[in-house]
Amino acid sequence: MKSQAVGKITESERDEIKLLFERKNGLVELFKSIQESSHPLYDRLVQDMGVTATKFQKWWDEKSRQYRWKGVAGHHWEINFETCEIFLKKDR
Amino acid sequence: MPTKDPVKIEGKNTWEEGRSKSVTFIVTEDCQLRCKYCYLVGKNKSGRLEFDIAKRAIDYLLREREFITENSVVLDFIGGEPFIEVDLIDRVCDYFKARAFEENHPWFNSYRFSFSTNGLLYHDDRVQRYISKNKSHLSIQITIDGTRAKHDLQRVYPNGQGSYDDVVRNIPRWLEQFPDSSTKVTISSGDIPFIRESVLHLWKLGIKEVNINVVFENVWKPGDDERFEEQLVSLADEIIKKKLYESYSCSFFSKSLGQPYRDNMNWCGAGKMLAVDHLGNFYPCIRFVGFSLQNRAALMLGNCFDGIDRNRLRSFLTLDMASQSPAECLDCDVATGCAWCQGANYDSADTETIFQRTTYLCKMHKARVRANNYFWNKLSRKLHQDLRAQS
Amino acid sequence: MLKYLLVVLSESSAPFCYYEKKPRKNPKRDLLPLKSLKEAVIFALKNNLKVNFLYPDHKLDKAYNALIDEADHVKIVPFGLRKTYPDSILVIESDGFPAAGELRGLRDENIIFRLRKDDLGKLSSRLNLLLMKCKRINLVLMDIEAYGAEDFEQYRRQLETVSDKILKLSAKKDPPELSVLTDRLALDRMNNCSAGLKHLTVAPDGKLYLCPAFYYGRAGDTLGGIRNDTPIKNRQLLELKYSPICRICDAYHCRRCVFLNKKLTLEVNTPSSQQCRISHIEREASRLHLQKLKETGGNPVALADIPEIAYGDPFEIVETKKLSIADFKKL
């Protein structure tokens, strides 16, 4: 099994996770630009990375409980932002 | 479970289409190539964007929240060839990220860096370092025109030598890094005989989405429309025969093409986007910059020091289809999808205006519509499903 | 269809609209050549055009006067020459406003009053003086590109004061007209300047222009020599139909100055934000003025009300009022 559709969420739920996903990526790539701990934004960035990662994981935990998505060991869920569909995918 | 559409020929929407602000930074007016159809008629080495200018432009854009209301942004880096200035681009992107984060601007949560490149420097270490640093926010389009014969007909070095081999060697790495990438093909009069084989060739190279356009300028010769139609019909036959529509897309074919006009919207997005040149001047898009124009002076909207002159934006934001089109276009039975470029219109108009639409493409559009009808009718029969647009 | 011809007799002719004239050292040398004047007059006679002659700030000699008299015409002259050319439309500049004594001789005149932005605070007091003496005042606000929020508010307040003055004078048999306040009352469609459509201009260089402003303000914008069937490229853009902002607007009295449009927005068919805001301040002042007139039971009772609107610039509603192609074709 390469990928299996396991559910669908609402557009507003999609917007929540999309924002967190984009922010998470943005923070990671900002970190690549800043790096030095002496940078004035460094502490704020590191703190934000922690907060955003927590929110991101919390969203998946809550939604998977709420919708009872199928889960399999060695697999993870992915979302198609265009269709709002959730897929179960094997870890690489 | 939603059913999957087996016909992929129309391609995907671009990221946040219609919801994002597109800002084009013209980082250099220089390019390694001298493509024969290129609208940038004044390439030079002196027009290079300085970091301080880019910085001012970004500060202005981030500051004007009440005026620039889009919650997403695409920073488009263009040239000339943008990757000639990859170090500068890297600094500009770093600055944008830091400032957007610092300001808690919505763009930090929704941005892309976009490139149209000739691909010659794609393998360069500096370019690769930049890519790995910004990978999840990049959209890179390498321009390859099709077969060697088609590509080298137009995309040549200053000494006339073709650039195909130097580009094609970078395609595998590009597709490995960005598997869903598309390319942009430009068709001028002399390219018509190569259309079919070029689209098929690009798909064979692994580029699944081919965006292909005919040039907007007045270059068309008698009979070009018929030759164009033959090529597209022949391409349609091959796509249907080999079921290529299940995996590939080509922008020549679209269900929405060839209907009478229903709405009165402008076709071009000039004015909703913004281009910034090396002096920090703002333009409605790159086609209004001096080096893109053959007959007219540049049309500026302002600059990064004084901001945008909103009076100059009013015509762009209120320009509609009817106010700029000749009666023959408004009465046309197959009007939808007929393209124009506001900058090319401005350059060719009888007076200094964006309200005069050229009709150079009329015959070419009609030829495209006939081939497009042929494709959808034939495919509908084959799949026993009516795929045609309802008129 | 052309209705009249403007003939600018000299580089020093009184500007009567939004443009500035060029300073000249010796105005007499800058007269429209007699040969060109003759051409202009013959052109007017052949095409049934009335002529508005814009007079210089000095007397003309007999040869000029004789030619001018050959056509139906109106003289537009600087205030200083009012005695030399009686029965003319007089141009008064706010920065050279006549002393009270000089105004004393006026009686039922038709005046063009050009107000500099720096004099905006004096608008009502100046107009109050002129309204007592004149039949009609055409107000031309200069420097509108420099108008900001405070100026707009100041203009609104000034018009309010002037409205009260006109209301008082309305008790008389023929109350005076003030273009920006009373024109809108009687209009049910656009009544704009219509340069290039209803009139053309012969400039001191003997060539045709859309209007004097295109001669003074935009070098190279000539339509060529005086001849029949003057080709105006993209002429349709001068028409209301081809202006997405103006065709949905009901500030019917607005000048829709194509010169200011071109200068500020780069397009003849697109008004600037300042032009629209000013015209809508005037529209609102006209609406309130009409209401008050009706309350006092005067003649205007028969006039249609001007609807109250929520915008100060029709640009704000273009998107929601966009015409369909079918409706566009019907215009």
# chains A, B, ... in the order shown; residues from 1 in each chain; ligands from 1
>>> residues_around(residues="Arg235 of chain C", least_positions_apart="2", cutoff="12 Å", atoms="only C-alpha atoms", output="JSON, numbers by chain")
{"B": [350, 351, 353, 355, 356], "C": [1, 194, 195, 196, 197, 198, 210, 223, 230, 231, 232, 233, 237, 238, 239, 240, 241, 242, 258, 268, 269]}
>>> interface_residues(of="chain B", to="chain A", cutoff="9 Å", atoms="only C-alpha atoms", output="VMD selection string")
chain B and resid 1 91 93 to 95 97 to 98 101 to 102 108 to 111 133 to 137
>>> select_by_dssp(residues="segment 144-383 of chain B", states="strand (DSSP E)", output="ChimeraX atom specification")
/B:182-187,209-214,249-250,274-276,281-283,302-303,307-308
>>> write_last_selection(atoms="C-alpha atoms", output="CSV table (one decimal), in the first residue's frame")
chain,number,residue,atom,x,y,z
B,182,SER,CA,6.4,22.7,-15.3
B,183,THR,CA,8.2,24.3,-18.1
B,184,LYS,CA,7.2,27.2,-20.3
B,185,VAL,CA,7.5,27.0,-24.1
B,186,THR,CA,7.2,30.0,-26.3
B,187,ILE,CA,6.1,29.7,-29.9
B,209,GLU,CA,3.3,20.0,-17.2
B,210,VAL,CA,4.1,22.0,-20.4
B,211,ASN,CA,2.8,25.6,-20.4
B,212,ILE,CA,3.0,26.8,-23.9
B,213,ASN,CA,2.2,30.2,-25.4
B,214,VAL,CA,2.4,31.9,-28.7
B,249,SER,CA,-0.7,18.4,-19.2
B,250,CYS,CA,-0.3,20.9,-22.0
B,274,LEU,CA,4.2,44.7,-9.3
B,275,ALA,CA,7.6,44.6,-10.8
B,276,VAL,CA,10.7,46.3,-9.3
B,281,ASN,CA,11.1,51.8,-9.7
B,282,PHE,CA,7.7,50.1,-9.6
B,283,TYR,CA,5.9,48.9,-12.7
B,302,GLY,CA,6.1,54.8,-8.4
B,303,ASN,CA,9.3,53.8,-6.6
B,307,GLY,CA,5.7,54.5,-2.8
B,308,ILE,CA,3.1,53.7,-5.4
>>> interface_residues(of="chain C", to="chain B", cutoff="12 Å", atoms="only C-alpha atoms", output="NGL selection string")
:C and (145 or 221 or 223 or 231-248 or 260-276 or 313-331)
>>> residues_around(residues="Tyr67 of chain A", least_positions_apart="3", cutoff="12 Å", atoms="only C-alpha atoms", output="PDB file with N, CA and C atoms, in the first residue's frame")
ATOM      1  N   VAL A   6      -7.990   8.200   3.927  1.00  0.00           N
ATOM      2  CA  VAL A   6      -8.624   7.738   5.168  1.00  0.00           C
ATOM      3  C   VAL A   6      -9.646   8.739   5.702  1.00  0.00           C
ATOM      4  N   GLY A   7      -9.780   9.894   5.056  1.00  0.00           N
ATOM      5  CA  GLY A   7     -10.769  10.838   5.553  1.00  0.00           C
ATOM      6  C   GLY A   7     -10.702  12.177   4.848  1.00  0.00           C
ATOM      7  N   LYS A   8     -11.580  13.045   5.278  1.00  0.00           N
ATOM      8  CA  LYS A   8     -11.637  14.375   4.688  1.00  0.00           C
ATOM      9  C   LYS A   8     -11.985  15.380   5.777  1.00  0.00           C
ATOM     10  N   ILE A   9     -11.396  16.562   5.714  1.00  0.00           N
ATOM     11  CA  ILE A   9     -11.683  17.578   6.727  1.00  0.00           C
ATOM     12  C   ILE A   9     -12.377  18.780   6.080  1.00  0.00           C
ATOM     13  N   THR A  10     -12.810  19.704   6.917  1.00  0.00           N
ATOM     14  CA  THR A  10     -13.485  20.888   6.376  1.00  0.00           C
ATOM     15  C   THR A  10     -12.438  21.877   5.860  1.00  0.00           C
ATOM     16  N   TRP A  59      -2.706  19.486  16.560  1.00  0.00           N
ATOM     17  CA  TRP A  59      -3.782  19.478  15.554  1.00  0.00           C
ATOM     18  C   TRP A  59      -3.982  18.063  15.021  1.00  0.00           C
ATOM     19  N   TRP A  60      -2.881  17.402  14.668  1.00  0.00           N
ATOM     20  CA  TRP A  60      -3.001  16.036  14.121  1.00  0.00           C
ATOM     21  C   TRP A  60      -3.561  15.072  15.173  1.00  0.00           C
ATOM     22  N   ASP A  61      -3.122  15.225  16.405  1.00  0.00           N
ATOM     23  CA  ASP A  61      -3.616  14.330  17.470  1.00  0.00           C
ATOM     24  C   ASP A  61      -5.122  14.508  17.645  1.00  0.00           C
ATOM     25  N   GLU A  62      -5.544  15.767  17.719  1.00  0.00           N
ATOM     26  CA  GLU A  62      -6.973  16.036  17.955  1.00  0.00           C
ATOM     27  C   GLU A  62      -7.837  15.568  16.794  1.00  0.00           C
ATOM     28  N   LYS A  63      -7.389  15.894  15.572  1.00  0.00           N
ATOM     29  CA  LYS A  63      -8.222  15.554  14.399  1.00  0.00           C
ATOM     30  C   LYS A  63      -8.278  14.046  14.183  1.00  0.00           C
ATOM     31  N   SER A  64      -7.159  13.371  14.423  1.00  0.00           N
ATOM     32  CA  SER A  64      -7.169  11.916  14.197  1.00  0.00           C
ATOM     33  C   SER A  64      -8.099  11.240  15.210  1.00  0.00           C
ATOM     34  N   LYS A  70      -7.826   5.878  10.226  1.00  0.00           N
ATOM     35  CA  LYS A  70      -7.080   4.622  10.317  1.00  0.00           C
ATOM     36  C   LYS A  70      -5.587   4.935  10.480  1.00  0.00           C
ATOM     37  N   GLY A  71      -4.917   4.242  11.384  1.00  0.00           N
ATOM     38  CA  GLY A  71      -3.491   4.408  11.560  1.00  0.00           C
ATOM     39  C   GLY A  71      -2.790   3.052  11.549  1.00  0.00           C
ATOM     40  N   ILE A  86      -7.330  13.368   3.572  1.00  0.00           N
ATOM     41  CA  ILE A  86      -6.235  12.869   4.412  1.00  0.00           C
ATOM     42  C   ILE A  86      -5.827  11.486   3.892  1.00  0.00           C
TER      43      ILE A  86
END
>>> atom_distance(atom1="atom CA of Thr147 of chain B", atom2="atom CA of Lys378 of chain B")
26.8 Å
